[in-house]
>>> print(open('structure.cif').read())   # mmCIF, N, CA and C atoms
data_input
loop_
_atom_site.label_atom_id
_atom_site.label_comp_id
_atom_site.auth_asym_id
_atom_site.auth_seq_id
_atom_site.Cartn_x
_atom_site.Cartn_y
_atom_site.Cartn_z
N MET A 1 44.55 16.76 -1.52
CA MET A 1 43.17 17.09 -1.82
C MET A 1 42.43 15.90 -2.44
N LYS A 2 43.11 15.15 -3.31
CA LYS A 2 42.50 13.98 -3.92
C LYS A 2 42.16 12.94 -2.86
N MET A 3 42.96 12.86 -1.84
CA MET A 3 42.73 11.90 -0.76
C MET A 3 41.44 12.24 -0.01
N VAL A 4 41.19 13.51 0.20
CA VAL A 4 39.97 13.93 0.90
C VAL A 4 38.74 13.55 0.07
N TRP A 5 38.78 13.80 -1.23
CA TRP A 5 37.66 13.44 -2.10
C TRP A 5 37.45 11.94 -2.14
N ALA A 6 38.54 11.20 -2.18
CA ALA A 6 38.43 9.73 -2.21
C ALA A 6 37.80 9.21 -0.92
N LEU A 7 38.21 9.75 0.21
CA LEU A 7 37.63 9.33 1.49
C LEU A 7 36.15 9.72 1.59
N LEU A 8 35.82 10.90 1.10
CA LEU A 8 34.43 11.34 1.11
C LEU A 8 33.57 10.43 0.22
N LEU A 9 34.06 10.11 -0.95
CA LEU A 9 33.34 9.23 -1.86
C LEU A 9 33.20 7.83 -1.28
N LEU A 10 34.26 7.32 -0.69
CA LEU A 10 34.22 5.99 -0.07
C LEU A 10 33.23 5.95 1.09
N SER A 11 33.22 6.98 1.91
CA SER A 11 32.28 7.00 3.05
C SER A 11 30.84 7.07 2.57
N THR A 12 30.60 7.72 1.44
CA THR A 12 29.25 7.77 0.88
C THR A 12 28.79 6.39 0.46
N PHE A 13 29.66 5.64 -0.22
CA PHE A 13 29.30 4.29 -0.65
C PHE A 13 29.12 3.34 0.52
N LEU A 14 29.91 3.49 1.56
CA LEU A 14 29.80 2.60 2.72
C LEU A 14 28.53 2.87 3.52
N GLY A 15 28.01 4.09 3.47
CA GLY A 15 26.80 4.44 4.21
C GLY A 15 25.53 4.08 3.49
N THR A 16 25.62 3.68 2.22
CA THR A 16 24.44 3.35 1.42
C THR A 16 24.21 1.84 1.45
N PRO A 17 23.01 1.40 1.81
CA PRO A 17 22.75 -0.05 1.81
C PRO A 17 22.79 -0.61 0.40
N ALA A 18 23.42 -1.77 0.26
CA ALA A 18 23.55 -2.40 -1.05
C ALA A 18 22.31 -3.20 -1.41
N VAL A 19 21.51 -3.56 -0.43
CA VAL A 19 20.31 -4.36 -0.65
C VAL A 19 19.09 -3.45 -0.63
N PRO A 20 18.16 -3.59 -1.57
CA PRO A 20 16.95 -2.76 -1.52
C PRO A 20 16.14 -3.01 -0.25
N SER A 21 15.39 -2.00 0.16
CA SER A 21 14.61 -2.13 1.40
C SER A 21 13.55 -3.21 1.25
N ARG A 22 13.17 -3.80 2.34
CA ARG A 22 12.17 -4.86 2.34
C ARG A 22 10.77 -4.32 2.63
N ARG A 23 10.57 -3.03 2.45
CA ARG A 23 9.27 -2.41 2.68
C ARG A 23 8.27 -2.96 1.67
N PRO A 24 7.10 -3.39 2.15
CA PRO A 24 6.09 -3.91 1.21
C PRO A 24 5.67 -2.84 0.22
N SER A 25 5.34 -3.26 -0.96
CA SER A 25 4.96 -2.30 -1.98
C SER A 25 3.52 -2.56 -2.45
N CYS A 26 3.07 -1.74 -3.36
CA CYS A 26 1.72 -1.85 -3.91
C CYS A 26 1.69 -2.88 -5.04
N TYR A 27 0.51 -3.39 -5.29
CA TYR A 27 0.32 -4.33 -6.39
C TYR A 27 -1.10 -4.21 -6.90
N LYS A 28 -1.32 -4.70 -8.13
CA LYS A 28 -2.65 -4.67 -8.74
C LYS A 28 -3.23 -6.07 -8.80
N ARG A 29 -4.55 -6.14 -8.64
CA ARG A 29 -5.30 -7.40 -8.76
C ARG A 29 -6.49 -7.16 -9.66
N THR A 30 -6.77 -8.12 -10.52
CA THR A 30 -7.94 -8.03 -11.39
C THR A 30 -9.11 -8.75 -10.74
N LEU A 31 -10.28 -8.12 -10.77
CA LEU A 31 -11.49 -8.75 -10.25
C LEU A 31 -12.13 -9.54 -11.38
N LYS A 32 -12.09 -10.84 -11.28
CA LYS A 32 -12.70 -11.68 -12.31
C LYS A 32 -14.21 -11.71 -12.11
N ASP A 33 -14.95 -11.46 -13.15
CA ASP A 33 -16.42 -11.52 -13.15
C ASP A 33 -17.06 -10.55 -12.18
N HIS A 34 -16.35 -9.54 -11.72
CA HIS A 34 -16.93 -8.55 -10.80
C HIS A 34 -16.52 -7.15 -11.23
N HIS A 35 -17.23 -6.20 -10.68
CA HIS A 35 -16.97 -4.78 -10.88
C HIS A 35 -16.94 -4.17 -9.48
N CYS A 36 -16.42 -2.98 -9.33
CA CYS A 36 -16.31 -2.35 -8.01
C CYS A 36 -17.63 -2.29 -7.26
N HIS A 37 -18.72 -2.10 -7.99
CA HIS A 37 -20.01 -1.90 -7.32
C HIS A 37 -20.79 -3.19 -7.11
N ASN A 38 -20.26 -4.33 -7.53
CA ASN A 38 -20.98 -5.58 -7.30
C ASN A 38 -20.10 -6.66 -6.70
N ILE A 39 -19.15 -6.26 -5.87
CA ILE A 39 -18.32 -7.24 -5.18
C ILE A 39 -19.17 -7.85 -4.07
N PRO A 40 -19.39 -9.16 -4.09
CA PRO A 40 -20.19 -9.79 -3.02
C PRO A 40 -19.50 -9.65 -1.67
N GLU A 41 -20.30 -9.55 -0.63
CA GLU A 41 -19.78 -9.44 0.74
C GLU A 41 -18.82 -10.59 1.03
N GLY A 42 -17.61 -10.25 1.43
CA GLY A 42 -16.62 -11.27 1.79
C GLY A 42 -15.89 -11.87 0.60
N ALA A 43 -16.24 -11.48 -0.61
CA ALA A 43 -15.57 -12.03 -1.79
C ALA A 43 -14.17 -11.45 -1.92
N ALA A 44 -13.29 -12.24 -2.46
CA ALA A 44 -11.90 -11.82 -2.71
C ALA A 44 -11.22 -11.35 -1.44
N ASN A 45 -11.72 -11.77 -0.29
CA ASN A 45 -11.12 -11.42 0.99
C ASN A 45 -11.09 -9.91 1.23
N LEU A 46 -12.18 -9.21 0.85
CA LEU A 46 -12.27 -7.76 0.95
C LEU A 46 -13.42 -7.34 1.86
N ARG A 47 -13.21 -6.27 2.62
CA ARG A 47 -14.26 -5.66 3.45
C ARG A 47 -14.26 -4.17 3.18
N GLN A 48 -15.44 -3.60 2.94
CA GLN A 48 -15.50 -2.15 2.71
C GLN A 48 -15.06 -1.42 3.97
N ILE A 49 -14.26 -0.38 3.79
CA ILE A 49 -13.73 0.37 4.93
C ILE A 49 -14.84 1.16 5.61
N ASP A 50 -15.54 1.98 4.84
CA ASP A 50 -16.55 2.86 5.41
C ASP A 50 -17.43 3.37 4.28
N ASP A 51 -18.68 3.70 4.59
CA ASP A 51 -19.58 4.24 3.56
C ASP A 51 -19.05 5.56 3.00
N GLY A 52 -18.28 6.29 3.81
CA GLY A 52 -17.71 7.57 3.37
C GLY A 52 -16.53 7.40 2.44
N LEU A 53 -16.02 6.19 2.32
CA LEU A 53 -14.90 5.91 1.40
C LEU A 53 -15.34 4.86 0.39
N PRO A 54 -16.12 5.26 -0.60
CA PRO A 54 -16.57 4.26 -1.58
C PRO A 54 -15.38 3.70 -2.36
N ASP A 55 -15.49 2.44 -2.71
CA ASP A 55 -14.47 1.74 -3.51
C ASP A 55 -13.15 1.53 -2.78
N HIS A 56 -13.14 1.69 -1.46
CA HIS A 56 -11.95 1.42 -0.65
C HIS A 56 -12.25 0.21 0.25
N PHE A 57 -11.34 -0.75 0.28
CA PHE A 57 -11.56 -1.99 1.00
C PHE A 57 -10.32 -2.38 1.81
N TRP A 58 -10.57 -3.03 2.94
CA TRP A 58 -9.49 -3.70 3.68
C TRP A 58 -9.29 -5.06 3.03
N GLU A 59 -8.07 -5.48 2.90
CA GLU A 59 -7.79 -6.80 2.37
C GLU A 59 -7.33 -7.70 3.51
N GLY A 60 -7.86 -8.91 3.56
CA GLY A 60 -7.46 -9.86 4.59
C GLY A 60 -8.22 -9.65 5.88
N LYS A 61 -7.75 -10.32 6.93
CA LYS A 61 -8.45 -10.27 8.22
C LYS A 61 -8.08 -9.05 9.04
N GLY A 62 -6.91 -8.50 8.85
CA GLY A 62 -6.47 -7.35 9.62
C GLY A 62 -6.77 -6.05 8.90
N CYS A 63 -6.07 -5.03 9.31
CA CYS A 63 -6.24 -3.70 8.71
C CYS A 63 -4.90 -3.13 8.31
N LYS A 64 -4.11 -3.93 7.63
CA LYS A 64 -2.79 -3.48 7.21
C LYS A 64 -2.73 -3.09 5.74
N THR A 65 -3.60 -3.70 4.92
CA THR A 65 -3.56 -3.45 3.48
C THR A 65 -4.90 -2.88 3.01
N ILE A 66 -4.81 -1.79 2.26
CA ILE A 66 -6.00 -1.13 1.71
C ILE A 66 -5.99 -1.31 0.20
N CYS A 67 -7.17 -1.60 -0.35
CA CYS A 67 -7.31 -1.74 -1.80
C CYS A 67 -8.30 -0.68 -2.29
N TYR A 68 -7.95 -0.06 -3.40
CA TYR A 68 -8.85 0.87 -4.06
C TYR A 68 -9.32 0.22 -5.35
N CYS A 69 -10.61 0.21 -5.56
CA CYS A 69 -11.18 -0.45 -6.73
C CYS A 69 -11.43 0.59 -7.82
N ASN A 70 -10.93 0.28 -9.02
CA ASN A 70 -11.12 1.15 -10.16
C ASN A 70 -11.57 0.27 -11.32
N GLY A 71 -12.87 0.29 -11.61
CA GLY A 71 -13.42 -0.56 -12.67
C GLY A 71 -13.44 -2.01 -12.22
N ASN A 72 -12.62 -2.84 -12.82
CA ASN A 72 -12.55 -4.24 -12.40
C ASN A 72 -11.14 -4.59 -11.93
N GLU A 73 -10.45 -3.57 -11.42
CA GLU A 73 -9.08 -3.76 -10.97
C GLU A 73 -8.90 -3.15 -9.58
N LEU A 74 -8.13 -3.84 -8.75
CA LEU A 74 -7.82 -3.35 -7.40
C LEU A 74 -6.37 -2.92 -7.33
N LEU A 75 -6.12 -1.77 -6.73
CA LEU A 75 -4.77 -1.34 -6.39
C LEU A 75 -4.65 -1.49 -4.88
N CYS A 76 -3.77 -2.38 -4.43
CA CYS A 76 -3.63 -2.68 -3.01
C CYS A 76 -2.26 -2.24 -2.51
N CYS A 77 -2.26 -1.55 -1.36
CA CYS A 77 -1.04 -1.03 -0.77
C CYS A 77 -1.13 -1.15 0.75
N PRO A 78 0.02 -1.21 1.44
CA PRO A 78 -0.01 -1.06 2.89
C PRO A 78 -0.61 0.30 3.24
N LYS A 79 -1.37 0.36 4.32
CA LYS A 79 -2.12 1.59 4.62
C LYS A 79 -1.23 2.81 4.79
N ASP A 80 -0.03 2.66 5.32
CA ASP A 80 0.86 3.81 5.50
C ASP A 80 1.35 4.36 4.16
N ILE A 81 1.48 3.50 3.17
CA ILE A 81 1.88 3.95 1.84
C ILE A 81 0.69 4.58 1.13
N PHE A 82 -0.48 3.98 1.27
CA PHE A 82 -1.68 4.43 0.57
C PHE A 82 -2.11 5.82 1.02
N PHE A 83 -2.28 6.00 2.32
CA PHE A 83 -2.77 7.27 2.85
C PHE A 83 -1.67 8.14 3.43
N GLY A 84 -0.54 7.57 3.77
CA GLY A 84 0.52 8.30 4.45
C GLY A 84 0.40 8.13 5.95
N PRO A 85 1.51 8.21 6.68
CA PRO A 85 1.50 7.94 8.11
C PRO A 85 0.68 8.92 8.94
N LYS A 86 0.48 10.15 8.45
CA LYS A 86 -0.27 11.14 9.23
C LYS A 86 -1.77 10.93 9.14
N ILE A 87 -2.25 10.27 8.09
CA ILE A 87 -3.68 10.08 7.89
C ILE A 87 -4.12 8.66 8.21
N SER A 88 -3.26 7.68 7.98
CA SER A 88 -3.68 6.27 8.06
C SER A 88 -4.19 5.86 9.44
N PHE A 89 -3.75 6.53 10.51
CA PHE A 89 -4.21 6.12 11.84
C PHE A 89 -5.65 6.52 12.13
N VAL A 90 -6.25 7.40 11.33
CA VAL A 90 -7.64 7.80 11.56
C VAL A 90 -8.63 7.03 10.71
N ILE A 91 -8.16 6.15 9.83
CA ILE A 91 -9.04 5.36 8.99
C ILE A 91 -9.66 4.26 9.86
N PRO A 92 -10.98 4.14 9.90
CA PRO A 92 -11.62 3.15 10.77
C PRO A 92 -11.30 1.72 10.36
N CYS A 93 -11.01 0.90 11.36
CA CYS A 93 -10.68 -0.50 11.10
C CYS A 93 -11.77 -1.39 11.67
N ASN A 94 -12.47 -2.09 10.79
CA ASN A 94 -13.47 -3.06 11.19
C ASN A 94 -12.91 -4.44 10.87
N SER A 95 -12.29 -5.08 11.84
CA SER A 95 -11.59 -6.33 11.57
C SER A 95 -12.48 -7.55 11.65
N GLN A 96 -13.79 -7.37 11.64
CA GLN A 96 -14.71 -8.51 11.70
C GLN A 96 -14.85 -9.16 10.36
#
>>> encode(input="structure.cif", output="structure tokens")
Amino acid sequence: MKMVWALLLLSTFLGTPAVPSRRPSCYKRTLKDHHCHNIPEGAANLRQIDDGLPDHFWEGKGCKTICYCNGNELLCCPKDIFFGPKISFVIPCNSQ
């Protein structure tokens, strides 16, 4: 019986990855000299997503990272983490 438990425990450890996943995570950025409502167009590499989503911005040239502005701080996450995979595909992407 001890052998069965040992094999079960060993198989559990062998099936678990020893290295943490490389999935991108969220991070915070401080807006220097700006507030959510006075970010100049194109400043800090941000584009507003949509008028219906105030304080939400795309970061960078693509549409992979979304930032939410709270006061003078941005919380930026990959869109699938921010909204979840079921919602993120309906968020409009203006990559201009």
>>> resolve_selection(input="structure.cif", expression="the PyMOL selection byres ((chain A and resi 60) around 6)", output="list in words")
Asn45, Leu46, Trp58, Glu59, Lys61 and Gly62 of chain A
>>> write_last_selection(input="structure.cif", atoms="N, CA and C atoms", output="CSV table (one decimal), in the frame of the given file")
chain,number,residue,atom,x,y,z
A,45,ASN,N,-11.7,-11.8,-0.3
A,45,ASN,CA,-11.1,-11.4,1.0
A,45,ASN,C,-11.1,-9.9,1.2
A,46,LEU,N,-12.2,-9.2,0.8
A,46,LEU,CA,-12.3,-7.8,1.0
A,46,LEU,C,-13.4,-7.3,1.9
A,58,TRP,N,-10.6,-3.0,2.9
A,58,TRP,CA,-9.5,-3.7,3.7
A,58,TRP,C,-9.3,-5.1,3.0
A,59,GLU,N,-8.1,-5.5,2.9
A,59,GLU,CA,-7.8,-6.8,2.4
A,59,GLU,C,-7.3,-7.7,3.5
A,61,LYS,N,-7.8,-10.3,6.9
A,61,LYS,CA,-8.4,-10.3,8.2
A,61,LYS,C,-8.1,-9.0,9.0
A,62,GLY,N,-6.9,-8.5,8.8
A,62,GLY,CA,-6.5,-7.4,9.6
A,62,GLY,C,-6.8,-6.0,8.9
>>> resolve_selection(input="structure.cif", expression="the PyMOL selection byres (((chain A and resi 53 and name CA) around 12) and name CA)", output="list of chain:residue names")
A:Arg47, A:Gln48, A:Ile49, A:Asp50, A:Asp51, A:Gly52, A:Pro54, A:Asp55, A:His56, A:Phe57, A:Trp58, A:Ile66, A:Cys67, A:Tyr68, A:Cys69, A:Ile91, A:Pro92
>>> resolve_selection(input="structure.cif", expression="the PyMOL selection byres ((chain A and resi 24-31) around 6)", output="list in words")
Arg22, Arg23, Lys32, Asp33, His34, Asn72, Glu73, Leu74, Leu75, Cys76, Cys77 and Pro78 of chain A
>>> atom_distance(input="structure.cif", atom1="CA of Cys63 (chain A)", atom2="CA of Asn94 (chain A)")
7.7 Å
>>> atom_distance(input="structure.cif", atom1="atom N of Gly71 (chain A)", atom2="atom C of Cys36 (chain A)")
6.9 Å
